[in-house]
Amino acid sequence: MAGRGRGTDESEDAVTGVSERLLFAASVPVLPAPASLPRVDIPPLPQDRTPTAPVPTVGPADRLGGQLRRLSPSSIRNSVVSAASLEIDRGVAFLLVPVFLASGVIFYFSLAVEPDFAQPIAVVVLMALCAAVSRSWRKTHLCFMAALLCALGVLAAKVETWRVATPVLGSEIPTRLTGRVVSLDQMANGRVRLTIDVISTARPTLRYAPERVRVSASKIPPGMTAGSVVTGYARLLPPTGPVRPDSYDFSFDSYFAGIGASGFFLGTPKLVRLDAATPDGVPLAARLSSAVEKARQSIADHIRSQVGGAEGEIAAALIVGVRAGIPEKINEAMRRTGIYHIISISGLHMALVAGTVMALLRGAFALFPDFSSRRPIKKYAAAAALFSIAAYLVISGVVVAAERSFIMLAVMLIAVLFDRAALTMRNLAISAIAVILVSPHEVVGPSFQMSFAATAALVGAYAGWSDYRAGKVTPPPPRRSLPGFVTRKFLAAMGGLAMTSIIAGGATALFAIWHFQRVSPLSLFANLAVMPIVSLVVMPFAVLSALAMPFGADGPFLYVMGKGLTAMIALSGWISERSPIDAVGLISRHSVLLVTIALVIATMATTRLRLVALPFALAGLLTISHTRTPDVLISEDAHLVALPIGNGELAINRVRSNVFTTDNWKYALVSETIVEPETFDKGDAQFDITDPAELPAGAPFYCTAGLCVARHPSGAIVALASDRKIARPACAFADLIVIDDATAYDPCRNPLILVVTKRQLARAGSAAIFFNPQSATTRAQIRFAVEEPYRPWHTQRKFSREARGLPPYRKPEKPKQPVVQ
């Protein structure tokens, strides 16, 4: 991390506390001191008997005047200009490169209309010319450079969208699918999830077949691995959109992942034998990918067999990144306690792998002092660590957090190889630039945002602490006994772990609330309890087991790792049972933007300019609640409707509902309990549909004969009908009518009644409804998740049968054969 120190040990392992920011400070020539100084006798000064002038005294009024002069607009402006100039000299301009690139990417994905290539290219050329012309004017040049980087971010996102161009299925359809297995994951519920490259379809043959699909099967034939060719009858469905406006968009993720459809096999798929010449037609990249996936699956199976149970699934997730088999109960416990980041392979795991490899190699080299004294063993260990984390990246699956961590650590290790100082914040900027240029769509995802926010906050906090300690003279600690020394080190480690958890948790809290509408109240306590086990037991023995696995000697290491995971699971479950509800509801988009700006300023500024982050942070915190919670949520297939009815209860219209959708709605609407509908038979005297106004405010759904009715706490009545005919009587009393029929249209002639049909939802996605409790003569407002004109990842929506107003496809029945007597 640092160069050679001043006047101390200059051996290979000498480390000095030089702040990285000092490397960017203005250079001041320092003349070397001579070896010896000549002695000069200085005669005493003659006494001057002339009376000296009295020293003027500074009174309170003069001091106040000086302070006011320092607070004058001109002095403040000069101070800000001086600080900004110092920040630029220290290299903050390079650190802001990924910030402006990411801003351009976010701007592209937030556009309502897909731009042509000519528009971003023209802006890039124009900004480049303006930046080149304005090089003589520093401030203007910096402004044009920032605009150029934003335009490059827009262009990079546009290029990725054009390059991916994933063919997406437009409508649900069953077909015989034949394809090559890319990957297979054993799910916790016993099913197997397969990612398949489509070779052909039949009965019917799809004219616009997707190139890659993700389907599940109840069981698979023995011997199926990555690279196998399978066939079977499957029901394919197009990717779904957001479960509510502003939530996670599955169609967006599927588009950039190359997944054109999802679904399930109607039976057990079968293996297809290939001719001898067929593998030669497989692209080299596909064969390499299959080989890596086979290795991952074989290692995962070996780990599961050695460790067993949920511990084996988590061990497989930590070593090879296979997380599908972890039981949902354990996943939920780790989410509630804020330690789910342990499962995601990121900087912690990469650093522990590299550190363990370097420690092992340097310890081994120390056994040969003659060799170690003549060779740069630190560089050898760094090269081996670089190779190990590269292998870990490949074998664990390339995800954003792992990419970022690998690039950062690779820069640091390469700096060790070339005797350079590894500037940590610059490493983060380099990794961010690489991820943005390679996968721009990751910028709008939670993994990128939370990963880089936590890392930037930790690096910035550590740099600030280093600057503080560099300017403070501390006496050496007094000698203590062994118990005192151990206690001091333990408390220091726990304090560092607590601060790490607080800083990282604070930096990512708002992003977690925005994406998942939940926080972990006891995350600090959980991390303090679990992280020592992970850092000292789980990950080191995971590395040792990986090194011993080729020799068949990994059993003892996996055993110890499994015991550590058992303790981790027990602690997370115990803390989860005592955690309060973690749902926090929706927050304003403006608050996330303001806090992001504050985080950028606070982590990158090195002068008093970091105080500028305070107003942005305060404004972001004050505007968190400046968003209105929907009164009703409707799924995009019109099957599910939910509304909060008070006391933390969420009423839904179905007994068996989609678990993911209802959980998302619970967190968004801050509800604890799901209230299922009460069903009555047709003609039941307990339920009279002709007088629903008698329903109390906050009444859940009551269903009968294809019609469900509920009442919002505001008094508005919500009705869900299976078709237009059943919905017609609801026009007399309902404020909102949802018709689960794509062929239906508005049966009411009352402009105050909001009618939502299945065709509208198929074209525009899920919907959020907002009632106006102040006026009963105002129609409810509706907001859809998808707006037209469609972006490329939503174009397939207009091709479904529901979007075209057609009834569901039903296979025609075969005519009955006459019975011959």
# chains A, B, ... in the order shown; residues from 1 in each chain; ligands from 1
>>> residues_around(residues="Ala762 (chain A)", least_positions_apart="2", cutoff="12 Å", atoms="only C-alpha atoms", output="ChimeraX atom specification")
/A:170-171,238,240-242,634-639,740-743,756-760,764-767,784-787,794-806
>>> residues_around(residues="Lys294 (chain A)", least_positions_apart="3", cutoff="10 Å", atoms="only C-alpha atoms", output="PyMOL selection string")
chain A and resi 182-184+225-227+288-291+297-300
>>> residues_around(residues="Leu318 (chain A)", least_positions_apart="3", cutoff="12 Å", atoms="only C-alpha atoms", output="VMD selection string")
chain A and resid 296 299 to 300 303 311 to 315 321 to 323 326 340 to 346 348 to 350 352 to 353 392 to 393 395 to 397 402 534 538 to 543 545 to 546 558 561 to 562 565
>>> select_by_dssp(residues="region 249-484 of chain A", states="strand (DSSP E)", output="number ranges by chain")
A: 261-265, 270-271
>>> select_by_dssp(residues="region 97-254 of chain A", states="alpha helix (DSSP H)", output="NGL selection string")
:A and (97-109 or 118-133 or 138-164 or 250-254)
>>> closest_residue(among="A:Ala118, A:Ala705, A:Val738, A:Leu609", to="Ala83 (chain A)", atoms="only C-alpha atoms")
A:Leu609
>>> residues_around(residues="Val675 (chain A)", least_positions_apart="3", cutoff="10 Å", atoms="only C-alpha atoms", output="JSON, numbers by chain")
{"A": [642, 643, 644, 645, 649, 650, 651, 652, 653, 654, 655, 672, 678, 700, 701]}
>>> residues_around(residues="region 368-383 of chain A", least_positions_apart="2", cutoff="7 Å", atoms="only C-alpha atoms", output="list of chain:residue names")
A:Met358, A:Leu361, A:Arg362, A:Phe365, A:Ala366, A:Ala385, A:Leu386, A:Phe387, A:Leu413, A:Val416, A:Leu417
